[in-house]
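Novice: Structure supplied as run.cif; contents: mmCIF, C-alpha atoms.
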```cif
data_structure
#
loop_
_atom_site.label_atom_id
_atom_site.label_comp_id
_atom_site.auth_asym_id
_atom_site.auth_seq_id
_atom_site.Cartn_x
_atom_site.Cartn_y
_atom_site.Cartn_z
CA MET A 7 -17.06 14.51 1.35
CA GLY A 8 -19.82 14.94 -1.23
CA GLY A 9 -23.57 14.75 -1.28
CA ASP A 10 -26.01 16.96 0.56
CA HIS A 11 -24.76 15.96 4.02
CA GLY A 12 -21.05 15.05 3.69
CA PRO A 13 -19.20 13.24 6.52
CA GLY A 14 -22.13 13.71 8.91
CA VAL A 15 -23.88 10.93 6.98
CA THR A 16 -21.15 9.07 5.12
CA VAL A 17 -18.94 8.37 8.15
CA PRO A 18 -21.66 6.85 10.39
CA ALA A 19 -22.92 4.92 7.36
CA CYS A 20 -19.44 3.46 6.94
CA ILE A 21 -19.41 2.44 10.60
CA ASP A 22 -22.81 0.76 10.20
CA PHE A 23 -21.62 -1.06 7.08
CA LEU A 24 -18.49 -2.41 8.75
CA SER A 25 -20.52 -3.85 11.62
CA GLY A 26 -22.16 -6.25 9.17
CA HIS A 27 -19.10 -6.90 6.99
CA PRO A 28 -16.22 -8.07 9.22
CA ASP A 29 -13.90 -8.87 6.28
CA VAL A 30 -14.02 -5.43 4.61
CA GLU A 31 -11.74 -2.43 5.00
CA LEU A 32 -12.89 1.09 4.11
CA LEU A 33 -10.61 3.89 2.93
CA LEU A 34 -12.16 7.29 3.65
CA ALA A 35 -10.88 9.77 1.07
CA GLY A 36 -11.35 13.34 2.25
CA GLN A 37 -10.23 16.19 4.43
CA PRO A 38 -8.58 14.53 7.46
CA GLU A 39 -9.77 17.00 10.10
CA ALA A 40 -13.44 16.68 9.15
CA LEU A 41 -13.30 12.89 8.88
CA ARG A 42 -11.43 12.34 12.14
CA LEU A 43 -13.80 14.67 13.96
CA GLU A 44 -16.76 12.52 12.83
CA LEU A 45 -14.94 9.31 13.70
CA GLU A 46 -14.15 10.62 17.16
CA ARG A 47 -17.74 11.74 17.64
CA ARG A 48 -18.91 8.22 16.77
CA GLY A 49 -16.28 6.51 18.92
CA ALA A 50 -14.61 4.92 15.90
CA LEU A 51 -11.32 6.81 15.74
CA ALA A 52 -9.40 3.66 16.68
CA GLU A 53 -11.26 1.37 14.24
CA ALA A 54 -8.49 -0.49 12.37
CA ARG A 55 -10.64 -1.14 9.30
CA LEU A 56 -11.34 2.58 8.74
CA THR A 57 -8.38 4.40 7.22
CA VAL A 58 -8.39 8.10 6.39
CA VAL A 59 -6.73 8.89 3.05
CA PRO A 60 -6.02 12.65 2.88
CA ALA A 61 -7.51 14.72 0.07
CA ALA A 62 -6.98 18.47 0.01
CA GLU A 63 -9.93 19.44 -2.19
CA VAL A 64 -13.64 18.74 -2.61
CA VAL A 65 -15.65 18.82 -5.85
CA GLY A 66 -18.75 20.97 -5.41
CA MET A 67 -22.14 19.54 -6.27
CA ASP A 68 -22.62 22.21 -8.96
CA GLU A 69 -19.10 22.23 -10.42
CA ASP A 70 -18.49 21.72 -14.12
CA VAL A 71 -17.12 18.31 -15.15
CA ARG A 72 -14.12 19.75 -16.98
CA THR A 73 -13.25 21.97 -14.03
CA ALA A 74 -13.40 18.99 -11.68
CA ILE A 75 -11.08 16.94 -13.89
CA ARG A 76 -8.58 19.66 -14.75
CA THR A 77 -8.32 21.71 -11.56
CA LYS A 78 -9.35 19.33 -8.76
CA LYS A 79 -6.66 16.67 -9.13
CA HIS A 80 -6.42 16.34 -5.35
CA SER A 81 -10.14 16.17 -4.65
CA SER A 82 -11.60 13.42 -2.48
CA MET A 83 -13.39 12.07 -5.56
CA ARG A 84 -10.19 11.89 -7.62
CA VAL A 85 -8.22 10.36 -4.75
CA ALA A 86 -10.87 7.66 -4.26
CA ILE A 87 -10.89 6.76 -7.96
CA ASP A 88 -7.08 6.77 -8.06
CA LEU A 89 -7.12 4.22 -5.21
CA VAL A 90 -9.15 1.90 -7.45
CA LYS A 91 -6.78 2.38 -10.39
CA GLN A 92 -3.79 1.66 -8.14
CA GLY A 93 -5.41 -1.55 -6.91
CA ARG A 94 -5.42 -0.39 -3.31
CA ALA A 95 -9.21 -0.35 -3.38
CA GLN A 96 -11.56 -2.72 -5.22
CA ALA A 97 -14.40 -0.20 -5.54
CA CYS A 98 -15.24 3.47 -5.14
CA VAL A 99 -18.49 4.80 -3.66
CA SER A 100 -19.41 8.47 -3.83
CA ALA A 101 -22.46 10.64 -3.11
CA GLY A 102 -20.87 13.58 -4.90
CA ASN A 103 -21.44 15.37 -8.20
CA THR A 104 -22.69 12.73 -10.67
CA GLY A 105 -21.24 14.33 -13.79
CA ALA A 106 -17.87 14.89 -12.15
CA LEU A 107 -17.81 11.32 -10.82
CA MET A 108 -18.60 9.83 -14.23
CA GLY A 109 -16.18 12.14 -16.06
CA THR A 110 -13.34 11.60 -13.59
CA ALA A 111 -13.88 7.85 -13.44
CA LYS A 112 -13.85 7.59 -17.23
CA PHE A 113 -10.74 9.79 -17.45
CA VAL A 114 -8.80 7.85 -14.80
CA LEU A 115 -10.02 4.28 -15.22
CA LYS A 116 -10.91 4.27 -18.96
CA THR A 117 -13.62 2.05 -20.46
CA LEU A 118 -13.61 -1.69 -21.00
CA PRO A 119 -12.78 -3.03 -24.48
CA GLY A 120 -15.89 -2.94 -26.65
CA ILE A 121 -17.57 -0.20 -24.59
CA ASP A 122 -17.70 3.33 -25.96
CA ARG A 123 -19.50 5.00 -23.04
CA PRO A 124 -20.13 4.03 -19.42
CA ALA A 125 -23.75 3.96 -18.26
CA ILE A 126 -25.49 4.52 -14.94
CA CYS A 127 -27.47 1.46 -13.90
CA ALA A 128 -29.79 1.37 -10.88
CA VAL A 129 -32.12 -1.18 -9.33
CA LEU A 130 -35.81 -0.21 -9.14
CA PRO A 131 -38.66 -1.99 -7.31
CA THR A 132 -41.38 -3.69 -9.36
CA ARG A 133 -44.55 -5.67 -8.73
CA LYS A 134 -42.54 -8.85 -9.27
CA GLY A 135 -39.35 -7.90 -7.47
CA GLN A 136 -36.88 -5.55 -9.11
CA VAL A 137 -35.56 -4.37 -12.46
CA TYR A 138 -32.15 -3.06 -13.57
CA ALA A 139 -32.50 0.12 -15.63
CA LEU A 140 -29.81 1.92 -17.67
CA ASP A 141 -28.75 4.50 -18.72
CA LEU A 142 -30.14 6.84 -16.06
CA GLY A 143 -28.33 10.04 -16.88
CA ALA A 144 -24.75 9.57 -18.07
CA ASN A 145 -25.46 9.85 -21.80
CA ALA A 146 -28.20 12.18 -23.01
CA ASP A 147 -27.55 11.35 -26.67
CA CYS A 148 -26.88 7.77 -27.73
CA THR A 149 -26.46 5.77 -30.90
CA ALA A 150 -28.18 2.44 -31.48
CA GLU A 151 -24.83 0.72 -30.87
CA HIS A 152 -24.54 2.42 -27.47
CA LEU A 153 -27.95 1.08 -26.46
CA VAL A 154 -26.87 -2.44 -27.45
CA GLN A 155 -23.75 -2.06 -25.29
CA PHE A 156 -25.95 -0.95 -22.39
CA ALA A 157 -28.10 -4.04 -22.91
CA ILE A 158 -25.05 -6.32 -22.79
CA MET A 159 -23.80 -4.70 -19.57
CA GLY A 160 -27.24 -4.74 -17.92
CA SER A 161 -27.82 -8.37 -18.83
CA THR A 162 -24.41 -9.35 -17.45
CA LEU A 163 -25.07 -7.43 -14.24
CA VAL A 164 -28.31 -9.35 -13.65
CA LYS A 165 -26.59 -12.66 -14.37
CA ALA A 166 -23.83 -11.87 -11.91
CA MET A 167 -25.85 -10.29 -9.11
CA GLU A 168 -29.13 -12.22 -9.31
CA GLY A 169 -27.99 -15.54 -10.74
CA THR A 170 -30.53 -15.26 -13.58
CA PRO A 171 -29.14 -17.42 -16.41
CA ASN A 172 -30.84 -15.67 -19.34
CA PRO A 173 -32.18 -12.23 -18.32
CA THR A 174 -34.83 -10.59 -20.45
CA VAL A 175 -34.02 -7.19 -21.93
CA GLY A 176 -36.58 -4.53 -22.82
CA LEU A 177 -35.98 -1.40 -24.91
CA LEU A 178 -37.83 1.63 -23.52
CA ASN A 179 -40.07 3.12 -26.20
CA ILE A 180 -43.34 4.95 -26.76
CA GLY A 181 -45.04 1.74 -27.83
CA SER A 182 -44.46 -1.99 -27.98
CA GLU A 183 -44.71 -2.17 -31.78
CA GLU A 184 -41.47 -2.44 -33.77
CA ILE A 185 -42.42 0.53 -35.96
CA LYS A 186 -42.70 2.88 -32.96
CA GLY A 187 -39.98 5.24 -31.73
CA ASN A 188 -37.29 7.43 -33.23
CA GLU A 189 -34.70 6.15 -35.68
CA VAL A 190 -32.10 5.41 -32.99
CA VAL A 191 -34.50 3.28 -30.96
CA LYS A 192 -35.80 1.44 -34.04
CA LYS A 193 -32.25 0.68 -35.18
CA ALA A 194 -31.33 -0.48 -31.66
CA GLY A 195 -34.35 -2.79 -31.74
CA GLU A 196 -33.12 -4.34 -34.99
CA LEU A 197 -29.64 -4.89 -33.57
CA LEU A 198 -31.00 -6.39 -30.35
CA ARG A 199 -33.31 -8.77 -32.22
CA ALA A 200 -30.28 -10.00 -34.17
CA SER A 201 -28.13 -10.33 -31.03
CA PRO A 202 -27.72 -13.40 -28.77
CA LEU A 203 -29.34 -11.47 -25.91
CA ASN A 204 -32.76 -12.52 -24.63
CA PHE A 205 -34.49 -9.49 -26.14
CA HIS A 206 -38.12 -9.18 -25.07
CA GLY A 207 -38.84 -6.26 -27.39
CA ASN A 208 -40.02 -2.70 -26.82
CA VAL A 209 -41.41 -1.82 -23.40
CA GLU A 210 -43.29 1.27 -22.27
CA GLY A 211 -42.91 3.36 -19.13
CA ASP A 212 -45.46 1.38 -17.13
CA ASP A 213 -43.61 -1.86 -17.91
CA ILE A 214 -40.70 -0.69 -15.75
CA TYR A 215 -42.68 -1.12 -12.53
CA GLU A 216 -44.72 -4.03 -13.81
CA GLY A 217 -41.49 -6.00 -13.91
CA THR A 218 -42.07 -7.04 -17.53
CA THR A 219 -38.33 -7.56 -18.09
CA ASP A 220 -35.21 -8.03 -15.98
CA VAL A 221 -33.42 -5.16 -17.72
CA VAL A 222 -34.73 -1.93 -19.25
CA VAL A 223 -32.46 -0.06 -21.66
CA CYS A 224 -32.79 3.58 -22.73
CA ASP A 225 -30.71 6.69 -23.35
CA GLY A 226 -29.69 8.79 -20.36
CA PHE A 227 -32.15 11.58 -21.11
CA ALA A 228 -35.27 9.40 -21.06
CA GLY A 229 -33.91 7.28 -18.21
CA ASN A 230 -33.18 10.21 -15.94
CA VAL A 231 -36.57 11.80 -16.60
CA ALA A 232 -38.30 8.49 -15.85
CA LEU A 233 -36.29 8.00 -12.65
CA LYS A 234 -36.84 11.52 -11.27
CA THR A 235 -40.54 11.40 -12.18
CA SER A 236 -40.88 8.11 -10.31
CA GLU A 237 -39.08 9.44 -7.24
CA GLY A 238 -41.27 12.55 -7.21
CA LEU A 239 -44.44 10.48 -7.55
CA ALA A 240 -43.37 8.17 -4.71
CA ARG A 241 -42.71 11.14 -2.41
CA MET A 242 -46.03 12.75 -3.34
CA LEU A 243 -48.02 9.59 -2.63
CA GLY A 244 -46.22 9.16 0.68
CA ASP A 245 -47.01 12.76 1.64
CA PHE A 246 -50.65 12.34 0.59
CA LEU A 247 -50.95 9.22 2.72
CA LYS A 248 -49.42 11.00 5.71
CA GLU A 249 -51.73 14.01 5.29
CA GLU A 250 -54.85 11.86 5.10
CA TYR A 251 -53.93 9.79 8.14
CA SER A 252 -53.24 12.93 10.22
CA ARG A 253 -56.26 14.92 9.07
CA THR A 254 -58.64 14.04 11.96
CA LEU A 255 -58.60 12.22 15.28
CA LEU A 256 -60.45 9.30 13.68
CA SER A 257 -57.91 9.06 10.86
CA ARG A 258 -55.07 9.13 13.40
CA LEU A 259 -56.67 6.21 15.23
CA ALA A 260 -57.02 4.42 11.90
CA ALA A 261 -53.32 5.03 11.28
CA LEU A 262 -52.47 3.32 14.57
CA VAL A 263 -54.56 0.30 13.69
CA SER A 264 -53.08 0.03 10.19
CA TRP A 265 -49.51 0.89 11.19
CA PRO A 266 -48.12 -2.63 10.46
CA VAL A 267 -49.51 -2.40 6.91
CA ILE A 268 -48.17 1.13 6.45
CA ARG A 269 -44.74 0.05 7.68
CA ARG A 270 -44.61 -2.87 5.23
CA PHE A 271 -45.76 -0.59 2.40
CA ARG A 272 -43.11 2.01 3.22
CA ARG A 273 -40.43 -0.67 3.27
CA ARG A 274 -41.46 -1.98 -0.16
CA VAL A 275 -41.22 1.46 -1.78
CA ASP A 276 -38.36 2.83 0.33
CA HIS A 277 -35.88 4.18 -2.24
CA ARG A 278 -33.09 4.02 0.36
CA ARG A 279 -33.10 0.22 0.08
CA TYR A 280 -32.28 0.54 -3.63
CA ASN A 281 -29.64 3.27 -3.35
CA GLY A 282 -26.40 2.88 -5.25
CA ALA A 283 -26.18 3.05 -9.04
CA ALA A 284 -23.40 1.18 -10.81
CA LEU A 285 -21.28 3.08 -13.33
CA LEU A 286 -20.98 0.22 -15.80
CA GLY A 287 -18.39 -0.05 -18.57
CA LEU A 288 -15.37 1.21 -16.61
CA ARG A 289 -12.14 -0.66 -15.84
CA GLY A 290 -13.05 -0.50 -12.17
CA ILE A 291 -16.11 -0.67 -9.93
CA VAL A 292 -17.65 2.73 -9.16
CA VAL A 293 -21.00 3.16 -7.40
CA LYS A 294 -22.91 6.44 -7.26
CA SER A 295 -24.99 7.09 -4.17
CA HIS A 296 -27.87 9.53 -4.31
CA GLY A 297 -26.71 12.97 -3.18
CA SER A 298 -29.51 13.21 -0.62
CA ALA A 299 -28.75 9.77 0.82
CA ASP A 300 -29.12 9.36 4.56
CA ARG A 301 -27.21 6.95 6.78
CA LEU A 302 -29.19 3.87 5.73
CA ALA A 303 -29.11 4.75 2.04
CA PHE A 304 -25.36 5.35 1.90
CA ALA A 305 -24.70 2.08 3.74
CA THR A 306 -26.85 0.39 1.08
CA ALA A 307 -24.65 1.87 -1.65
CA LEU A 308 -21.56 0.51 0.12
CA ALA A 309 -23.17 -2.93 0.28
CA ARG A 310 -23.96 -2.76 -3.45
CA ALA A 311 -20.31 -2.04 -4.27
CA ASP A 312 -19.21 -4.87 -1.98
CA ASN A 313 -21.57 -7.30 -3.74
CA GLU A 314 -20.28 -6.29 -7.17
CA VAL A 315 -16.71 -7.00 -6.05
CA ARG A 316 -17.63 -10.36 -4.49
CA HIS A 317 -19.47 -11.44 -7.66
CA GLY A 318 -16.50 -10.59 -9.89
CA LEU A 319 -18.64 -8.19 -11.89
CA LEU A 320 -15.80 -6.44 -13.68
CA ALA A 321 -14.29 -9.62 -15.14
CA ARG A 322 -17.70 -11.04 -16.01
CA ILE A 323 -18.75 -7.95 -17.96
CA GLY A 324 -15.48 -8.03 -19.92
CA GLU A 325 -15.95 -11.71 -20.74
CA GLU A 326 -19.59 -11.26 -21.72
CA ILE A 327 -18.85 -8.29 -23.97
CA ALA A 328 -16.20 -10.28 -25.81
CA ARG A 329 -18.47 -13.33 -26.13
CA LEU A 330 -21.52 -11.43 -27.35
CA ASN A 331 -19.57 -9.18 -29.70
CA ALA A 332 -18.10 -12.29 -31.32
CA ALA A 333 -21.61 -13.72 -31.73
CA MET A 334 -23.10 -10.52 -33.18
CA PRO A 335 -23.83 -10.48 -36.93
CA SER A 336 -20.97 -8.89 -38.84
CA LYS A 337 -21.64 -5.39 -40.15
CA GLU A 338 -22.04 -4.93 -43.86
CA PRO A 339 -19.29 -2.83 -45.47
CA GLY A 340 -20.13 0.74 -46.28
#
```
Output the file's structure in the form of structure tokens.

Specialist:
Amino acid sequence: MGGDHGPGVTVPACIDFLSGHPDVELLLAGQPEALRLELERRGALAEARLTVVPAAEVVGMDEDVRTAIRTKKHSSMRVAIDLVKQGRAQACVSAGNTGALMGTAKFVLKTLPGIDRPAICAVLPTRKGQVYALDLGANADCTAEHLVQFAIMGSTLVKAMEGTPNPTVGLLNIGSEEIKGNEVVKKAGELLRASPLNFHGNVEGDDIYEGTTDVVVCDGFAGNVALKTSEGLARMLGDFLKEEYSRTLLSRLAALVSWPVIRRFRRRVDHRRYNGAALLGLRGIVVKSHGSADRLAFATALARADNEVRHGLLARIGEEIARLNAAMPSKEPG
């Protein structure tokens, strides 16, 4: 029910997703009338693998997290997360209020042993392929230990989803030198260098899209700023390109000639193909879709959740946390 478009996008995206995943069932948590109307409009009312699960309330995109948790116990978001806790669903996907989704998921599902705070992890395109970046907005203030936990979860995610045996981890900083950064980042660097993780060292903002490492770790404040800046830049460059190609008759003709190149370029930087951020560290799989996601983007988020379930991500993160925590140097008393 959430996001900028609601069932008008999410329902047809679900139908698209099911067409390519014959062994999956989707539970649509929301207001029955609105959902059934969309299903009927799309000719999918009788689809056996689409089940409407009634939810009386909807969390607004601008609602406070505490309000959502305390007063919206029958919201579509809460119902969907409850389905995961009950074991009726293996994953939850939402385009709704990010803060409310994270807060509700943490309240209902709790965190995995060894994890203090969940983190938002998304896949971003790079020159070499893609990079997993976290945290992208769940935790504005972090300790060095939190950043190490993020690194463990990010590394495990890459192992599980990409089959990379020993992913490299970079710590986002204002310089590559060990002496750079604030005290939290410098302490996190020390802990990561002493950990069994394949720690590359500090990386800067431009390293994210260079593909210098498989994982980039940062606090939620820096990560969200970097993400939103990147999205804004991508949109601006796309608009500039469109303006230049439509400026004159000659440029329009040039656009026709170069259309195959433009189409390939747009596909490579199309953020919809990377939609769906994992809320890592929870005792359940939860994927956050961008609020402005269209039909293709939301279907991509569904596919991401499906992949995480198929790769046994939840169990693998728990196992990896236990293994790496046991291998970490013991803390000195005091």

Novice: Go through A:Ala166, A:Leu130, A:Val190, A:Cys148 and flag the residue nearest Glu237 (chain A), using only C-alpha atoms for the distances.

Specialist: A:Leu130

Novice: As a list in words, please: the residues near Leu308 (chain A) (cut-off 10 Å, only C-alpha atoms, same-chain neighbours under 3 positions excluded).

Specialist: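 Answer for this query is Thr16, Ala19, Cys20, Phe23, Leu24, Leu32, Ala97, Cys98, Val99, Ser100, Asn281, Gly282, Val293, Lys294, Ser295, Ala303, Phe304, Ala305, Ala311, Asp312 and Asn313 of chain A.
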
Novice: Find, counting only C-alpha atoms, the residue in A:Ala144, A:Ile185, A:Leu33, A:Val221 that gets nearest to Gly160 (chain A).

Specialist: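 The closest residue to Gly160 (chain A) is A:Val221.
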
Novice: For the structure provided, state which residues fall under the PyMOL selection byres ((chain A and resi 147) around 12), and present them as a PDB file with C-alpha atoms, in the coordinates of the input.

Specialist:
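File produced: selection-v7.pdb:
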```pdb
ATOM      1  CA  ARG A 123     -19.500   5.000 -23.040  1.00  0.00           C
ATOM      2  CA  ALA A 125     -23.750   3.960 -18.260  1.00  0.00           C
ATOM      3  CA  ASP A 141     -28.750   4.500 -18.720  1.00  0.00           C
ATOM      4  CA  LEU A 142     -30.140   6.840 -16.060  1.00  0.00           C
ATOM      5  CA  GLY A 143     -28.330  10.040 -16.880  1.00  0.00           C
ATOM      6  CA  ALA A 144     -24.750   9.570 -18.070  1.00  0.00           C
ATOM      7  CA  ASN A 145     -25.460   9.850 -21.800  1.00  0.00           C
ATOM      8  CA  ALA A 146     -28.200  12.180 -23.010  1.00  0.00           C
ATOM      9  CA  CYS A 148     -26.880   7.770 -27.730  1.00  0.00           C
ATOM     10  CA  THR A 149     -26.460   5.770 -30.900  1.00  0.00           C
ATOM     11  CA  ALA A 150     -28.180   2.440 -31.480  1.00  0.00           C
ATOM     12  CA  GLU A 151     -24.830   0.720 -30.870  1.00  0.00           C
ATOM     13  CA  HIS A 152     -24.540   2.420 -27.470  1.00  0.00           C
ATOM     14  CA  LEU A 153     -27.950   1.080 -26.460  1.00  0.00           C
ATOM     15  CA  VAL A 190     -32.100   5.410 -32.990  1.00  0.00           C
ATOM     16  CA  VAL A 191     -34.500   3.280 -30.960  1.00  0.00           C
ATOM     17  CA  CYS A 224     -32.790   3.580 -22.730  1.00  0.00           C
ATOM     18  CA  ASP A 225     -30.710   6.690 -23.350  1.00  0.00           C
ATOM     19  CA  GLY A 226     -29.690   8.790 -20.360  1.00  0.00           C
ATOM     20  CA  PHE A 227     -32.150  11.580 -21.110  1.00  0.00           C
ATOM     21  CA  ALA A 228     -35.270   9.400 -21.060  1.00  0.00           C
ATOM     22  CA  GLY A 229     -33.910   7.280 -18.210  1.00  0.00           C
TER      23      GLY A 229
END
```

Novice: Take the PyMOL selection byres ((chain A and resi 69-72) around 9), apply it to the structure above, and return the hits as a ChimeraX atom specification.

Specialist: /A:65-68,73-77,103,105-110

Novice: Enclose all atoms of region 189-197 of chain A listed in the file in an axis-aligned box, grow every side by 4 Å, and hand back centre and edge lengths in Å to one decimal, as AutoDock Vina command-line options.

Specialist:
```
--center_x -32.7 --center_y 0.6 --center_z -33.3 --size_x 14.2 --size_y 19.0 --size_z 12.7
```

Novice: With distances taken over all atoms listed in the file, which residue among A:Ala35, A:Leu118, A:Ile214, A:Met167 lies nearest Arg310 (chain A)?

Specialist: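 Of the candidates, the smallest distance to Arg310 (chain A) is held by A:Met167.
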
Novice: What gap, in Å, lies between CA of Thr162 (chain A) and CA of His27 (chain A)?

Specialist: 25.1 Å

Novice: What does the distance from CA of Ala157 (chain A) to CA of Met83 (chain A) come to in Å, to one decimal?

Specialist: 27.9 Å

Novice: Figure out the distance between CA of Ser81 (chain A) and CA of Arg47 (chain A), please, to one decimal in Å.

Specialist: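 If I compute the distance from CA of Arg47 (chain A) to CA of Ser81 (chain A), I get 24.0 Å.
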
Novice: Go through the shown structure with the PyMOL selection byres ((chain A and resi 42) around 12) and write out the matching residues as a VMD selection string.

Specialist: chain A and resid 13 to 14 17 to 18 34 to 41 43 to 53 56 to 60

Novice: A:Pro173, A:Pro131, A:Gly187, A:Pro28: which is nearest Ser236 (chain A), counting all atoms listed in the file?

Specialist: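 Nearest candidate to Ser236 (chain A) out of A:Pro173, A:Pro131, A:Gly187, A:Pro28: A:Pro131.
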
Novice: Using all atoms listed in the file, pick whichever of A:Ile121, A:Ala101, A:Leu247, A:Ala111 has the shortest atom-to-atom distance to Asn331 (chain A).

Specialist: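 Looking at the shortest contact to Asn331 (chain A), the residue is A:Ile121.
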
Novice: Just want the 9 Å neighbourhood of Lys116 (chain A), counted on all atoms listed in the file, with same-chain residues fewer than 4 positions away dropped. Output as a PDB file with C-alpha atoms, in the frame of the given file.

Specialist:
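Output below, filename result-v8.pdb:
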```
ATOM      1  CA  ALA A 111     -13.880   7.850 -13.440  1.00  0.00           C
ATOM      2  CA  LYS A 112     -13.850   7.590 -17.230  1.00  0.00           C
ATOM      3  CA  GLY A 287     -18.390  -0.050 -18.570  1.00  0.00           C
ATOM      4  CA  LEU A 288     -15.370   1.210 -16.610  1.00  0.00           C
ATOM      5  CA  ARG A 289     -12.140  -0.660 -15.840  1.00  0.00           C
ATOM      6  CA  GLY A 290     -13.050  -0.500 -12.170  1.00  0.00           C
TER       7      GLY A 290
END
```

Novice: So that I can check the surroundings of Gly9 (chain A), please list as an MDAnalysis selection string every protein, DNA and RNA residue that reaches within 7 Å of it, counting all atoms listed in the file and ignoring chain neighbours fewer than 3 positions away.

Specialist: chainID A and resid 12 101:102 297:298

Novice: Could you write those residues out with C-alpha atoms, as a JSON list (two decimals), keeping the file's coordinate frame?

Specialist:
```json
[["chain", "number", "residue", "atom", "x", "y", "z"],
["A", 12, "GLY", "CA", -21.05, 15.05, 3.69],
["A", 101, "ALA", "CA", -22.46, 10.64, -3.11],
["A", 102, "GLY", "CA", -20.87, 13.58, -4.90],
["A", 297, "GLY", "CA", -26.71, 12.97, -3.18],
["A", 298, "SER", "CA", -29.51, 13.21, -0.62]]
```

Novice: Write a file for region 271-284 of chain A, containing N, CA, C and O atoms (output as a CSV table (one decimal), in the first residue's frame).

Specialist:
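The resulting file, result-v9.csv, is reproduced below:
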```csv
chain,number,residue,atom,x,y,z
A,271,PHE,N,23.5,2.5,-22.7
A,271,PHE,CA,23.9,3.4,-21.7
A,271,PHE,C,22.8,3.5,-20.6
A,271,PHE,O,23.1,3.4,-19.4
A,272,ARG,N,21.6,3.8,-21.0
A,272,ARG,CA,20.5,3.9,-20.1
A,272,ARG,C,20.3,2.7,-19.2
A,272,ARG,O,20.0,2.7,-18.1
A,273,ARG,N,20.5,1.5,-19.9
A,273,ARG,CA,20.3,0.3,-19.2
A,273,ARG,C,21.4,0.1,-18.1
A,273,ARG,O,21.1,-0.4,-17.0
A,274,ARG,N,22.6,0.5,-18.4
A,274,ARG,CA,23.7,0.3,-17.5
A,274,ARG,C,23.6,1.2,-16.3
A,274,ARG,O,24.0,0.8,-15.2
A,275,VAL,N,23.0,2.3,-16.4
A,275,VAL,CA,22.8,3.2,-15.2
A,275,VAL,C,21.4,3.3,-14.7
A,275,VAL,O,21.1,4.1,-13.9
A,276,ASP,N,20.5,2.4,-15.2
A,276,ASP,CA,19.1,2.4,-14.8
A,276,ASP,C,19.0,2.0,-13.4
A,276,ASP,O,19.2,0.8,-13.0
A,277,HIS,N,18.7,2.9,-12.5
A,277,HIS,CA,18.6,2.6,-11.0
A,277,HIS,C,17.5,1.6,-10.7
A,277,HIS,O,17.5,0.9,-9.7
A,278,ARG,N,16.5,1.4,-11.6
A,278,ARG,CA,15.4,0.5,-11.4
A,278,ARG,C,15.9,-1.0,-11.4
A,278,ARG,O,15.4,-1.8,-10.7
A,279,ARG,N,17.0,-1.2,-12.1
A,279,ARG,CA,17.6,-2.6,-12.2
A,279,ARG,C,18.3,-2.9,-10.9
A,279,ARG,O,18.7,-4.1,-10.7
A,280,TYR,N,18.5,-1.9,-10.0
A,280,TYR,CA,19.2,-2.2,-8.8
A,280,TYR,C,18.3,-1.9,-7.6
A,280,TYR,O,18.8,-1.9,-6.4
A,281,ASN,N,17.0,-1.8,-7.8
A,281,ASN,CA,16.1,-1.5,-6.7
A,281,ASN,C,16.0,-2.6,-5.7
A,281,ASN,O,16.0,-3.8,-6.1
A,282,GLY,N,15.8,-2.3,-4.5
A,282,GLY,CA,15.6,-3.3,-3.4
A,282,GLY,C,16.8,-3.3,-2.5
A,282,GLY,O,17.8,-3.9,-2.8
A,283,ALA,N,16.7,-2.7,-1.4
A,283,ALA,CA,17.8,-2.6,-0.4
A,283,ALA,C,17.4,-3.6,0.7
A,283,ALA,O,16.3,-3.7,1.3
A,284,ALA,N,18.4,-4.4,1.1
A,284,ALA,CA,18.2,-5.4,2.2
A,284,ALA,C,18.4,-4.8,3.5
A,284,ALA,O,19.3,-4.0,3.7
```
